[in-house]
Structure formats: structure tokens, C-alpha cells
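Pasted below: work35.cif, mmCIF, C-alpha atoms.
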```cif
data_entry
loop_
_atom_site.label_atom_id
_atom_site.label_comp_id
_atom_site.auth_asym_id
_atom_site.auth_seq_id
_atom_site.Cartn_x
_atom_site.Cartn_y
_atom_site.Cartn_z
CA MET A 1 8.99 -6.34 5.72
CA ASN A 2 9.99 -7.00 9.34
CA LEU A 3 7.14 -5.85 11.56
CA HIS A 4 9.37 -5.97 14.64
CA PHE A 5 10.48 -2.49 13.60
CA VAL A 6 7.04 -1.22 14.64
CA PRO A 7 7.73 -1.61 18.40
CA VAL A 8 11.22 -0.18 17.76
CA PHE A 9 9.54 2.92 16.33
CA ALA A 10 7.24 3.16 19.37
CA ALA A 11 10.11 2.62 21.82
CA THR A 12 12.29 5.33 20.29
CA ALA A 13 9.35 7.76 20.40
CA LYS A 14 8.78 7.04 24.09
CA LEU A 15 12.47 7.32 24.96
CA GLY A 16 12.96 10.55 23.06
CA ALA A 17 15.31 8.96 20.52
CA VAL A 18 15.02 9.65 16.78
CA PHE A 19 13.88 6.78 14.56
CA THR A 20 15.70 6.78 11.20
CA PRO A 21 14.81 3.90 8.85
CA ILE A 22 17.23 3.12 6.02
CA ASP A 23 16.24 0.87 3.13
CA PRO A 24 18.39 -2.30 3.47
CA ARG A 25 18.08 -2.98 -0.26
CA LEU A 26 20.34 -0.03 -1.09
CA GLU A 27 23.83 -0.59 -2.43
CA PRO A 28 26.59 -0.50 0.24
CA SER A 29 27.63 3.02 -0.83
CA GLY A 30 24.05 4.26 -0.39
CA LEU A 31 23.73 2.63 3.03
CA LEU A 32 27.05 4.06 4.19
CA ASP A 33 26.15 7.52 2.90
CA ARG A 34 22.91 7.57 4.90
CA LEU A 35 24.55 6.17 8.02
CA GLN A 36 27.18 8.90 7.88
CA ILE A 37 24.51 11.58 7.53
CA ALA A 38 22.39 10.14 10.37
CA SER A 39 25.37 9.88 12.75
CA PRO A 40 23.47 7.25 14.83
CA SER A 41 24.01 6.32 18.46
CA LEU A 42 22.78 2.76 17.81
CA VAL A 43 22.18 0.73 14.65
CA VAL A 44 19.48 -1.94 14.74
CA ILE A 45 20.44 -4.41 12.03
CA ASP A 46 17.95 -6.05 9.69
CA ASP A 47 18.76 -9.77 9.97
CA GLU A 48 18.55 -10.30 6.20
CA ARG A 49 21.51 -7.94 5.67
CA ALA A 50 23.30 -8.59 8.95
CA THR A 51 26.80 -9.20 7.54
CA LEU A 52 26.85 -6.09 5.38
CA SER A 53 25.30 -3.95 8.12
CA ARG A 54 27.93 -5.07 10.63
CA GLU A 55 30.70 -4.21 8.19
CA LEU A 56 29.29 -0.74 7.62
CA GLY A 57 28.63 -0.20 11.33
CA ALA A 58 32.15 -1.27 12.17
CA GLU A 59 33.53 1.17 9.61
CA LEU A 60 31.66 3.97 11.38
CA GLY A 61 32.48 2.70 14.88
CA VAL A 62 28.80 2.66 15.90
CA PRO A 63 27.23 0.24 18.45
CA MET A 64 25.03 -2.35 16.72
CA ILE A 65 22.42 -4.95 17.65
CA SER A 66 20.52 -7.34 15.43
CA LEU A 67 16.76 -6.99 15.38
CA SER A 68 16.28 -10.64 16.36
CA ARG A 69 18.56 -10.23 19.37
CA LEU A 70 16.78 -7.04 20.38
CA VAL A 71 13.45 -8.89 20.27
CA ARG A 72 14.81 -11.81 22.30
CA THR A 73 16.37 -9.66 25.01
CA SER A 74 13.25 -7.54 25.40
CA ALA A 75 10.83 -10.46 25.61
CA GLY A 76 11.35 -11.25 29.30
CA ASP A 77 8.91 -11.10 32.18
CA ASP A 78 10.16 -7.75 33.43
CA ASP A 79 7.47 -5.29 32.35
CA ARG A 80 8.53 -2.44 34.64
CA GLU A 81 8.38 1.04 33.12
CA LEU A 82 11.72 2.73 32.51
CA ALA A 83 12.19 5.98 34.36
CA VAL A 84 12.62 8.32 31.41
CA ALA A 85 11.69 11.96 31.19
CA GLY A 86 10.16 11.51 27.76
CA PRO A 87 10.24 13.96 24.89
CA SER A 88 8.43 17.23 24.44
CA GLU A 89 6.14 17.74 21.47
CA LEU A 90 8.73 19.86 19.65
CA ASP A 91 11.51 17.28 19.98
CA PRO A 92 12.44 15.33 16.84
CA GLN A 93 10.76 11.94 16.50
CA ALA A 94 11.80 10.57 13.13
CA MET A 95 14.05 11.28 10.17
CA PHE A 96 13.30 10.11 6.64
CA PHE A 97 15.72 10.29 3.73
CA SER A 98 15.00 11.77 0.35
CA SER A 99 15.72 9.50 -2.59
CA GLY A 100 19.02 11.16 -3.42
CA GLU A 101 18.29 10.63 -7.13
CA THR A 102 19.72 13.98 -8.15
CA GLY A 103 22.31 14.45 -5.42
CA ARG A 104 23.29 13.37 -1.93
CA PRO A 105 20.26 12.29 0.12
CA LYS A 106 18.98 14.60 2.84
CA GLY A 107 17.43 13.53 6.13
CA ALA A 108 14.14 15.35 6.75
CA VAL A 109 13.44 15.62 10.49
CA LEU A 110 9.86 15.42 11.80
CA SER A 111 8.91 16.41 15.35
CA HIS A 112 6.39 14.64 17.58
CA ARG A 113 3.97 17.53 17.05
CA VAL A 114 4.21 17.36 13.24
CA HIS A 115 3.66 13.59 13.20
CA VAL A 116 0.58 13.96 15.40
CA LEU A 117 -0.87 16.80 13.33
CA ARG A 118 -0.25 15.05 10.03
CA THR A 119 -2.05 11.92 11.18
CA GLN A 120 -5.02 13.47 12.96
CA PRO A 121 -8.31 12.07 11.60
CA ASP A 122 -9.22 15.55 10.33
CA ALA A 123 -5.77 16.20 8.83
CA LEU A 124 -6.19 13.58 6.10
CA PRO A 125 -9.36 11.94 4.78
CA GLY A 126 -9.61 8.36 6.00
CA SER A 127 -11.90 5.64 7.25
CA ARG A 128 -11.96 4.19 10.73
CA GLY A 129 -11.96 0.62 9.43
CA HIS A 130 -9.17 -1.80 8.64
CA SER A 131 -6.42 -0.41 6.39
CA VAL A 132 -3.88 -2.18 4.17
CA CYS A 133 -0.70 -0.40 3.10
CA PRO A 134 1.98 -1.86 0.76
CA TYR A 135 4.58 0.83 1.46
CA PRO A 136 7.80 -0.44 3.14
CA LEU A 137 8.67 0.64 6.67
CA THR A 138 11.48 2.81 5.30
CA ASP A 139 8.87 5.04 3.64
CA PRO A 140 7.23 7.80 5.72
CA ILE A 141 3.83 7.00 4.16
CA ALA A 142 3.80 3.61 5.91
CA TRP A 143 4.22 5.32 9.29
CA GLU A 144 1.71 8.01 8.39
CA VAL A 145 -0.92 5.37 7.64
CA ALA A 146 -0.04 3.37 10.77
CA LEU A 147 -0.18 6.42 13.05
CA ARG A 148 -3.44 7.59 11.54
CA GLN A 149 -4.98 4.20 12.23
CA TRP A 150 -3.57 4.23 15.76
CA GLN A 151 -5.15 7.63 16.42
CA VAL A 152 -8.61 6.32 15.48
CA ARG A 153 -7.90 2.90 17.06
CA GLY A 154 -8.23 1.24 13.66
CA ARG A 155 -6.41 -1.85 12.49
CA VAL A 156 -3.57 -1.56 9.96
CA THR A 157 -1.92 -4.34 7.96
CA LEU A 158 1.46 -3.54 6.42
CA VAL A 159 2.21 -5.89 3.54
CA ASP A 160 5.02 -6.65 1.11
CA SER A 161 3.17 -6.24 -2.18
CA THR A 162 5.19 -5.07 -5.17
CA SER A 163 2.81 -6.15 -7.94
CA GLY A 164 -0.90 -5.94 -8.71
CA PRO A 165 -1.56 -9.67 -8.19
CA ASP A 166 0.33 -9.59 -4.87
CA LEU A 167 -1.80 -6.68 -3.71
CA CYS A 168 -4.97 -8.52 -4.74
CA ALA A 169 -3.84 -11.53 -2.72
CA ALA A 170 -3.18 -9.34 0.32
CA ILE A 171 -6.65 -7.80 0.07
CA GLU A 172 -8.23 -11.25 -0.27
CA ALA A 173 -6.32 -12.48 2.78
CA HIS A 174 -6.94 -9.51 5.10
CA GLU A 175 -10.29 -8.14 3.85
CA PRO A 176 -9.55 -4.46 4.54
CA THR A 177 -12.00 -1.62 4.08
CA HIS A 178 -9.26 0.88 3.18
CA LEU A 179 -6.25 0.69 0.85
CA THR A 180 -3.38 3.17 0.46
CA THR A 181 -1.20 2.60 -2.59
CA THR A 182 0.63 4.09 -5.58
CA LEU A 183 -1.02 4.80 -8.92
CA PRO A 184 1.03 2.23 -10.92
CA LEU A 185 0.38 -0.47 -8.32
CA LEU A 186 -3.35 0.29 -8.28
CA ARG A 187 -3.58 0.10 -12.06
CA GLU A 188 -1.75 -3.26 -12.00
CA MET A 189 -4.26 -4.46 -9.41
CA LEU A 190 -7.23 -3.28 -11.49
CA ALA A 191 -5.80 -5.00 -14.58
CA ALA A 192 -5.38 -8.24 -12.64
CA VAL A 193 -8.93 -8.10 -11.29
CA GLY A 194 -10.37 -7.04 -14.63
CA ALA A 195 -8.72 -9.99 -16.38
CA THR A 196 -10.97 -12.40 -14.48
CA SER A 197 -14.64 -12.98 -15.11
CA GLU A 198 -17.19 -11.66 -12.63
CA GLU A 199 -17.93 -15.26 -11.59
CA GLU A 200 -14.23 -15.88 -10.81
CA ARG A 201 -13.63 -12.51 -9.22
CA PRO A 202 -12.82 -12.94 -5.50
CA ASP A 203 -15.62 -11.86 -3.19
CA GLN A 204 -13.05 -10.66 -0.66
CA LEU A 205 -12.22 -7.62 -2.79
CA SER A 206 -15.72 -6.40 -2.07
CA SER A 207 -14.55 -5.54 1.46
CA LEU A 208 -12.84 -2.42 0.07
CA ARG A 209 -14.70 0.83 0.59
CA ASP A 210 -11.92 3.41 0.15
CA ILE A 211 -8.80 3.55 -2.01
CA GLU A 212 -6.30 6.29 -1.35
CA VAL A 213 -3.79 6.87 -4.17
CA ARG A 214 -0.58 8.73 -3.38
CA SER A 215 0.15 10.60 -6.60
CA ALA A 216 0.42 14.14 -7.94
CA ALA A 217 -2.07 13.40 -10.73
CA ALA A 218 -4.22 10.66 -12.21
CA PRO A 219 -5.96 10.25 -15.57
CA SER A 220 -9.68 10.99 -15.60
CA SER A 221 -10.23 7.40 -16.78
CA LEU A 222 -9.10 6.03 -13.40
CA SER A 223 -12.54 6.51 -11.84
CA ASP A 224 -14.10 4.52 -14.68
CA GLU A 225 -11.47 1.79 -14.35
CA ILE A 226 -12.29 1.40 -10.66
CA ALA A 227 -16.04 1.57 -11.23
CA ALA A 228 -15.76 -1.26 -13.77
CA VAL A 229 -14.23 -3.77 -11.34
CA LEU A 230 -14.85 -2.31 -7.85
CA PRO A 231 -18.10 -0.35 -8.15
CA ASP A 232 -18.58 0.15 -4.40
CA VAL A 233 -15.20 1.79 -3.81
CA ARG A 234 -14.64 5.49 -3.16
CA LEU A 235 -11.41 6.85 -4.66
CA ARG A 236 -9.33 9.78 -3.45
CA LEU A 237 -6.02 11.16 -4.65
CA LEU A 238 -3.53 12.58 -2.15
CA HIS A 239 -0.29 14.38 -2.86
CA GLY A 240 2.35 15.55 -0.44
CA THR A 241 6.02 15.52 0.48
CA VAL A 242 7.92 14.36 3.56
CA GLU A 243 8.98 17.97 4.17
CA ALA A 244 5.55 19.61 3.85
CA GLY A 245 3.03 16.84 4.54
CA GLY A 246 -0.21 16.80 2.55
CA LEU A 247 -0.49 19.40 -0.21
CA GLY A 248 -3.70 18.42 -2.00
CA CYS A 249 -6.68 16.05 -2.02
CA LEU A 250 -8.92 15.20 -5.00
CA GLU A 251 -11.98 12.95 -4.80
CA GLY A 252 -15.53 12.35 -5.99
CA ASP A 253 -16.71 14.02 -9.18
CA ASP A 254 -13.60 16.22 -9.14
CA LEU A 255 -11.54 13.24 -10.32
CA ARG A 256 -13.31 13.52 -13.68
CA ARG A 257 -13.85 17.27 -13.60
CA LYS A 258 -10.24 18.18 -12.77
CA PRO A 259 -7.98 15.65 -14.56
CA GLY A 260 -4.32 16.25 -13.83
CA SER A 261 -5.02 18.13 -10.60
CA CYS A 262 -4.14 16.89 -7.11
CA GLY A 263 -7.09 18.76 -5.63
CA VAL A 264 -7.64 21.36 -2.98
CA PRO A 265 -5.00 22.12 -0.34
CA GLY A 266 -5.33 20.32 2.97
CA PRO A 267 -6.03 22.00 6.32
CA PHE A 268 -3.39 23.63 8.52
CA GLY A 269 -1.21 24.73 5.60
CA GLU A 270 -0.83 27.68 3.26
CA LEU A 271 0.31 27.51 -0.37
CA ILE A 272 1.59 30.15 -2.77
CA ILE A 273 2.97 30.11 -6.31
CA GLU A 274 6.08 32.26 -6.70
CA ARG A 275 6.75 34.36 -9.78
CA THR A 276 9.03 31.59 -11.03
CA GLY A 277 6.07 29.20 -10.91
CA GLU A 278 7.49 27.25 -7.96
CA LEU A 279 5.07 25.95 -5.32
CA CYS A 280 5.86 26.97 -1.73
CA ALA A 281 4.18 25.88 1.50
CA ARG A 282 4.21 26.92 5.14
CA GLY A 283 2.38 26.02 8.33
CA PRO A 284 2.59 23.72 11.35
CA LEU A 285 2.99 20.57 9.21
CA LEU A 286 6.43 21.54 7.90
CA PHE A 287 9.45 19.46 8.79
CA ASP A 288 12.13 20.76 11.17
CA GLY A 289 14.90 20.89 8.56
CA TYR A 290 17.54 18.60 7.11
CA PHE A 291 19.65 16.94 9.77
CA GLY A 292 23.24 18.18 9.82
CA ASP A 293 22.74 20.23 6.66
CA ALA A 294 22.03 23.84 7.58
CA ASP A 295 22.88 25.07 4.07
CA ALA A 296 20.33 22.76 2.41
CA THR A 297 17.72 23.75 4.99
CA ALA A 298 18.36 27.47 4.49
CA ALA A 299 18.17 27.07 0.71
CA THR A 300 14.88 25.17 0.93
CA VAL A 301 13.05 27.00 3.73
CA VAL A 302 13.13 30.78 3.16
CA ASP A 303 11.27 33.10 5.54
CA GLY A 304 9.22 30.15 6.79
CA TRP A 305 8.22 29.01 3.28
CA PHE A 306 9.26 25.54 2.09
CA HIS A 307 10.24 25.60 -1.58
CA THR A 308 9.02 22.33 -3.07
CA GLY A 309 11.09 22.48 -6.25
CA ASP A 310 7.92 21.84 -8.27
CA VAL A 311 6.29 24.12 -10.80
CA ALA A 312 2.56 24.30 -10.06
CA GLU A 313 -0.67 26.13 -10.84
CA ILE A 314 -3.70 27.00 -8.71
CA ASP A 315 -6.86 27.56 -10.74
CA PRO A 316 -9.62 30.10 -9.92
CA GLU A 317 -11.48 27.45 -7.92
CA GLY A 318 -8.44 26.82 -5.73
CA TYR A 319 -7.45 23.45 -7.23
CA LEU A 320 -3.74 22.65 -7.29
CA THR A 321 -1.95 21.11 -10.27
CA ILE A 322 1.66 19.94 -9.97
CA LEU A 323 3.39 20.45 -13.32
CA GLY A 324 6.56 18.70 -12.24
CA PRO A 325 10.05 19.45 -10.92
CA ILE A 326 11.58 22.64 -12.24
CA ARG A 327 14.49 20.62 -13.64
CA ASP A 328 12.11 18.39 -15.66
CA ILE A 329 10.14 21.13 -17.42
CA ILE A 330 10.59 20.82 -21.19
CA ARG A 331 11.44 24.16 -22.84
CA THR A 332 10.08 24.09 -26.39
CA LYS A 333 10.06 27.09 -28.71
CA ALA A 334 6.28 27.29 -28.35
CA GLY A 335 6.35 27.25 -24.54
CA ALA A 336 7.05 25.22 -21.40
CA VAL A 337 5.71 21.65 -21.16
CA ALA A 338 5.24 19.74 -17.91
CA PRO A 339 5.91 16.01 -18.43
CA ILE A 340 3.25 14.99 -15.92
CA GLU A 341 0.55 16.83 -17.88
CA VAL A 342 1.37 14.91 -21.05
CA GLU A 343 1.76 11.62 -19.17
CA THR A 344 -1.67 12.05 -17.59
CA ALA A 345 -3.23 12.61 -21.00
CA LEU A 346 -1.48 9.65 -22.65
CA ALA A 347 -2.16 7.26 -19.76
CA GLY A 348 -5.82 7.07 -20.79
CA HIS A 349 -5.01 5.58 -24.23
CA PHE A 350 -5.99 1.90 -24.41
CA GLY A 351 -2.66 0.94 -26.00
CA VAL A 352 -0.49 2.55 -23.32
CA GLY A 353 0.52 0.31 -20.43
CA ASP A 354 3.05 2.72 -18.94
CA VAL A 355 4.38 6.07 -20.10
CA ALA A 356 7.02 8.64 -19.27
CA VAL A 357 7.66 11.94 -21.03
CA VAL A 358 11.06 13.58 -21.34
CA GLY A 359 12.53 16.46 -23.30
CA LEU A 360 15.08 15.66 -25.99
CA LEU A 361 17.42 18.16 -27.59
CA ASP A 362 16.65 19.23 -31.14
CA GLU A 363 18.86 21.50 -33.26
CA ASP A 364 15.93 23.43 -34.68
CA LEU A 365 13.35 23.32 -31.88
CA GLY A 366 15.53 23.46 -28.77
CA GLN A 367 13.70 20.66 -26.99
CA ILE A 368 10.98 18.32 -28.23
CA VAL A 369 8.43 16.31 -26.30
CA CYS A 370 9.26 12.60 -26.36
CA ALA A 371 6.81 9.95 -25.14
CA VAL A 372 8.43 6.76 -23.88
CA VAL A 373 5.74 4.07 -23.91
CA VAL A 374 5.37 0.49 -22.71
CA PRO A 375 2.53 -1.06 -24.77
CA ALA A 376 -0.47 -2.31 -22.81
CA PRO A 377 -0.70 -6.12 -22.50
CA GLY A 378 -2.47 -7.60 -25.49
CA HIS A 379 -1.89 -4.53 -27.66
CA GLY A 380 0.75 -3.71 -30.23
CA PRO A 381 2.86 -0.58 -30.01
CA PRO A 382 0.73 2.54 -30.58
CA LEU A 383 1.57 4.93 -33.41
CA LEU A 384 2.71 8.48 -32.75
CA SER A 385 -0.11 9.79 -34.95
CA ASP A 386 -2.65 7.85 -32.86
CA LEU A 387 -1.29 9.29 -29.62
CA ARG A 388 -1.35 12.83 -30.98
CA SER A 389 -4.95 12.35 -32.13
CA PHE A 390 -5.88 11.01 -28.71
CA CYS A 391 -4.40 14.15 -27.11
CA GLU A 392 -6.61 16.46 -29.16
CA GLY A 393 -8.96 18.24 -26.79
CA ARG A 394 -6.93 17.08 -23.80
CA ILE A 395 -3.75 19.15 -24.14
CA VAL A 396 -2.77 21.89 -26.58
CA SER A 397 -0.94 20.89 -29.75
CA PHE A 398 2.56 22.10 -28.81
CA LYS A 399 2.48 19.87 -25.71
CA GLN A 400 1.65 16.76 -27.72
CA PRO A 401 4.55 14.33 -28.28
CA ASN A 402 6.76 14.91 -31.31
CA ARG A 403 8.58 11.65 -30.90
CA LEU A 404 7.65 8.16 -29.68
CA ILE A 405 10.01 5.53 -28.28
CA ILE A 406 8.75 2.04 -27.42
CA VAL A 407 10.44 0.26 -24.51
CA ASP A 408 9.87 -2.84 -22.39
CA THR A 409 10.06 -1.10 -19.02
CA ILE A 410 10.36 2.41 -17.59
CA PRO A 411 12.76 2.88 -14.66
CA ARG A 412 10.86 3.91 -11.55
CA THR A 413 11.65 4.32 -7.88
CA GLU A 414 11.05 1.24 -5.76
CA THR A 415 8.38 2.54 -3.43
CA THR A 416 6.72 5.62 -4.89
CA LYS A 417 7.03 4.46 -8.53
CA GLN A 418 8.18 7.87 -9.70
CA VAL A 419 9.93 7.97 -13.07
CA LYS A 420 13.72 8.03 -12.76
CA ARG A 421 14.10 10.65 -15.48
CA PRO A 422 17.89 11.06 -15.32
CA LEU A 423 18.29 7.29 -15.72
CA LEU A 424 15.68 7.19 -18.49
CA ARG A 425 17.43 9.98 -20.40
CA ALA A 426 20.74 8.14 -20.05
CA GLN A 427 19.16 4.94 -21.40
CA LEU A 428 17.75 6.82 -24.37
CA GLY A 429 21.14 8.30 -25.15
#
```
Transcribe the structure of this file into C-alpha cells.
Amino acid sequence: MNLHFVPVFAATAKLGAVFTPIDPRLEPSGLLDRLQIASPSLVVIDDERATLSRELGAELGVPMISLSRLVRTSAGDDDRELAVAGPSELDPQAMFFSSGETGRPKGAVLSHRVHVLRTQPDALPGSRGHSVCPYPLTDPIAWEVALRQWQVRGRVTLVDSTSGPDLCAAIEAHEPTHLTTTLPLLREMLAAVGATSEEERPDQLSSLRDIEVRSAAAPSSLSDEIAAVLPDVRLRLLHGTVEAGGLGCLEGDDLRRKPGSCGVPGPFGELIIERTGELCARGPLLFDGYFGDADATAATVVDGWFHTGDVAEIDPEGYLTILGPIRDIIRTKAGAVAPIEVETALAGHFGVGDVAVVGLLDEDLGQIVCAVVVPAPGHGPPLLSDLRSFCEGRIVSFKQPNRLIIVDTIPRTETTKQVKRPLLRAQLG
């Protein structure tokens, strides 16, 4: 993670340019695709991928400068302010790409106003202390956390932590009060801490007061897992999208009372469930559209409502549950099954280290629910009968897995750790 991109972000905002980060770890075809969509005026090259970036930039005929050279040339004694008009609040500030897992990526444009509203202290729950965030600078969550801390004049530490032990080491080194992370990474961290005795457990982890998990759902056992190793920490679950901002927040006793939910909708927005079951959102936090793709924007934002592509439910108390992408819903003869609901139930089993649920074709049943499980460390593979028994009282019988496949790893996205279901289905044959 090259932190010199932070002043680049600030400079583009002040100049009225649009900051568009692209993950340098992508394959050349993915990088070129995103560069073509962005149609940039200038490419700032990450020094670690300088040769490839220059080749791609040359192919597009775009001016380029390496990040190290940009830093050197801007580090002089001349601190005079540039005479620039500056942007208005409705001008675009940043563009973030969707994963492109199921099609060509789309660049979601966020205005200055939207970025300010999304990161207001009252827009998202958060502490005013020191925050650590392991998201890369190509992910909008990293900038959301950084801007939120800037608005409250709090310190933020952006770290390269891709495993639980790495995250523990970062917390020990920086002693933050607040952590924002993914659910899989948090559970890896808890497992690493829990594997040590209380006498060996680092005192520095006691600096944590708040953990913010970015996920659409979490098992009810998560609160107990945290209480066992970090008893003084307050947990909250946040779910949102780059297009709509925050959609729900779950915390406190609701984490146990509403397992599988992502909580109550955040302020400033309005949510509805269409007759198809799809969740739609509108309000001042919505993005400005997909850059250079009017058709995709028109198909996604209809009469001011952003169509999330997710099937969802809102219960009588107003709590939101994301059942999963419309394309991932499993259509059994007994009814529709949301993979995330089954995954949340199975994740609490002691023998399950990681789990993904997919629908497999069956000649007699149409589709069946298949649980793909990575056994927990120190445990043998669980039996299908054990998993079904564990699900009793948690989910109805027709949603319980009919088939179990044991694997070593489950393919997930690099930053958000979402299951790559198309890839997983291909691997399963």
C-alpha cells in the first residue's frame, strides 16, 4: 500500500479532477479494460508495476508519471497556492470500479457532496479515536474511513493486512481504538488471538474499543467469539454499496437477536422492497451514475431508485436482511433459498472454518442446496447429517443443505472476501 496516493487523492479533489484508483494487481487485460473505461487525462503509475503500466498507458496514448517522480517534483520549497477555481459540491470527486465478476466493470462516480455526506460523523457510527483499516486504497471503504476520520480530526492508519495474524500485528504496533475490517479477516484475527493463552495475549489488543465489520450478515456466535478474547470491544455490522452508501447497521444486543440481518437503515436514505423482492434505495447518498455508460445507469437507477440487484426482506421492526444477489438465489421445489442465510447458520458450527452455499442442478428437485465447507483448524470434516442437525431451529428444513463438499479453500474476492460463486461453481463442475 503506497500512502503517497493519499495526497494525490487530496490534490485531485482540490483541483476538481476525478480520482480513479485501479488495483495494480489485476491482470493486464483487467487494467486495460478499466483504463479504457476511465478515459484518463493523466495516469499516475504505481512504481511496483511501472513497466506494465507504461506499456498500457502507451497503448492508450495517455500522459503518464510515476508516483515516485510526482513526489520528488512536488517536494520543493515552493508552497504557493495554485490559482484554481476549485470544484462545486455537485462536481464528481472520485470513481470506483465494481468487481466486474459477472461482466464488464462499471465505474461508479461519487460527487464531493456524496463523499462528505457519507462520511459525516452522524452518517455512520464511529469513534473519534485512532482507526486502523486494512482495506487497500483501491477500495472505496478505505477512503470512506479516512475521510470520516479527517472530518472528526481523528488519526487513521491504513495497513496492508491480508491475514488474521498480520492484522493482530498491525493492532499491536499502532494501538488503535477502532478497527474496520471484513468478517473473514476478523474471524481469522479472533482465531489467532484465541490460540494464545491469556498470559501470552498481547496487551496492545486491549486498546481496541470498537470493531466495525463490513458485511451483509454475521452469525449470532460472532458476539460471543469477540467477548471471549476481546471483552471490552463493541461490535457493529455495516452493510452498503459503492452506489448507494450505507444500507444498514446492526449492533449491541441486536447482533444476537437478529442473526442474519444487517440492521436498521442508515439516515438520509429510503429503502423499499419491490414486488420481485429486489431491494431499492434512493436519497442524497446515491452515486451520480456509471461513467460513460448511460445504458447501465438507466437500467440501474429507475425514477430515482437505485436497484441493488439483491433480494432482501424488511421485518415488522424495520430490520433489513440481505438474502443475496437475484442471480444467486437457489430455486428448489419447496421454495427459494438465499445462500447467505444458510451460510450464516452453518458458520456457527464448530467444525466449519469457512463455508459457501451454491445451488446445484438435480434432475428430480430442480436445484439442491450444496454446502461447500473448509473444515476448521484442528477438526475433521463435518458430516452432512451433523450440519443438518445443527441447522434445526435456525433455518427451515428445505433450506438445509442436501449435499456437502469438502474443499481446502473457497475462492473469494481479494478485498471484500465475497464468495466468487461463478468460479466456485466452475470448480465444482
For Leu346 in chain A, which of A:Met95, A:Leu383, A:Ala371, A:Val18 is the closest residue, counting only C-alpha atoms? A:Ala371
What are the closest atom pairs, with distances in Å to one decimal, for all residues of range 152-189 of chain A lying within 7 Å of range 130-136 of chain A? Consider only C-alpha atoms, order rows by chain and residue number, and present the result as JSON lines.
```
{"residue": "A:Gly154", "atom": "CA", "partner": "A:His130", "partner_atom": "CA", "distance": 5.9}
{"residue": "A:Arg155", "atom": "CA", "partner": "A:His130", "partner_atom": "CA", "distance": 4.7}
{"residue": "A:Val156", "atom": "CA", "partner": "A:Ser131", "partner_atom": "CA", "distance": 4.7}
{"residue": "A:Thr157", "atom": "CA", "partner": "A:Val132", "partner_atom": "CA", "distance": 4.8}
{"residue": "A:Leu158", "atom": "CA", "partner": "A:Cys133", "partner_atom": "CA", "distance": 5.1}
{"residue": "A:Val159", "atom": "CA", "partner": "A:Pro134", "partner_atom": "CA", "distance": 4.9}
{"residue": "A:Asp160", "atom": "CA", "partner": "A:Pro134", "partner_atom": "CA", "distance": 5.7}
{"residue": "A:Ser161", "atom": "CA", "partner": "A:Pro134", "partner_atom": "CA", "distance": 5.4}
{"residue": "A:Pro176", "atom": "CA", "partner": "A:His130", "partner_atom": "CA", "distance": 4.9}
{"residue": "A:Thr177", "atom": "CA", "partner": "A:His130", "partner_atom": "CA", "distance": 5.4}
{"residue": "A:His178", "atom": "CA", "partner": "A:Ser131", "partner_atom": "CA", "distance": 4.5}
{"residue": "A:Leu179", "atom": "CA", "partner": "A:Val132", "partner_atom": "CA", "distance": 5.0}
{"residue": "A:Thr180", "atom": "CA", "partner": "A:Cys133", "partner_atom": "CA", "distance": 5.2}
{"residue": "A:Thr181", "atom": "CA", "partner": "A:Pro134", "partner_atom": "CA", "distance": 6.4}
```
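This file, filtered with the PyMOL selection byres ((chain A and resi 352) around 7), gives the residues Ala347, His349, Phe350, Gly351, Gly353, Asp354, Val355, Val373, Val374, Pro375 and Ala376 of chain A.
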Tell me which residues come within 12 Å of (7.9, 29.0, -23.5), as a PDB file with C-alpha atoms, in the coordinates of the input, counting only C-alpha atoms in the file's coordinates.
```pdb
ATOM      1  CA  ILE A 329      10.140  21.130 -17.420  1.00  0.00           C
ATOM      2  CA  ILE A 330      10.590  20.820 -21.190  1.00  0.00           C
ATOM      3  CA  ARG A 331      11.440  24.160 -22.840  1.00  0.00           C
ATOM      4  CA  THR A 332      10.080  24.090 -26.390  1.00  0.00           C
ATOM      5  CA  LYS A 333      10.060  27.090 -28.710  1.00  0.00           C
ATOM      6  CA  ALA A 334       6.280  27.290 -28.350  1.00  0.00           C
ATOM      7  CA  GLY A 335       6.350  27.250 -24.540  1.00  0.00           C
ATOM      8  CA  ALA A 336       7.050  25.220 -21.400  1.00  0.00           C
ATOM      9  CA  VAL A 337       5.710  21.650 -21.160  1.00  0.00           C
ATOM     10  CA  ALA A 338       5.240  19.740 -17.910  1.00  0.00           C
ATOM     11  CA  LEU A 365      13.350  23.320 -31.880  1.00  0.00           C
ATOM     12  CA  GLY A 366      15.530  23.460 -28.770  1.00  0.00           C
ATOM     13  CA  GLN A 367      13.700  20.660 -26.990  1.00  0.00           C
ATOM     14  CA  PHE A 398       2.560  22.100 -28.810  1.00  0.00           C
ATOM     15  CA  LYS A 399       2.480  19.870 -25.710  1.00  0.00           C
TER      16      LYS A 399
END
```
Figure out the distance between CA of Leu67 in chain A and CA of Asp46 in chain A, please, to one decimal in Å. 5.9 Å
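The residues returned by the PyMOL selection byres ((chain A and resi 216) around 7) for this structure are Ser215, Ala217, His239, Cys262 and Ile322 of chain A.
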Taking the file as I've supplied it (selection: the PyMOL selection byres ((chain A and resi 222) around 10)), which residues are included? Please answer as a PyMOL selection string. chain A and resi 183+186-187+190+218-221+223-228+235+255-256+259+347-348
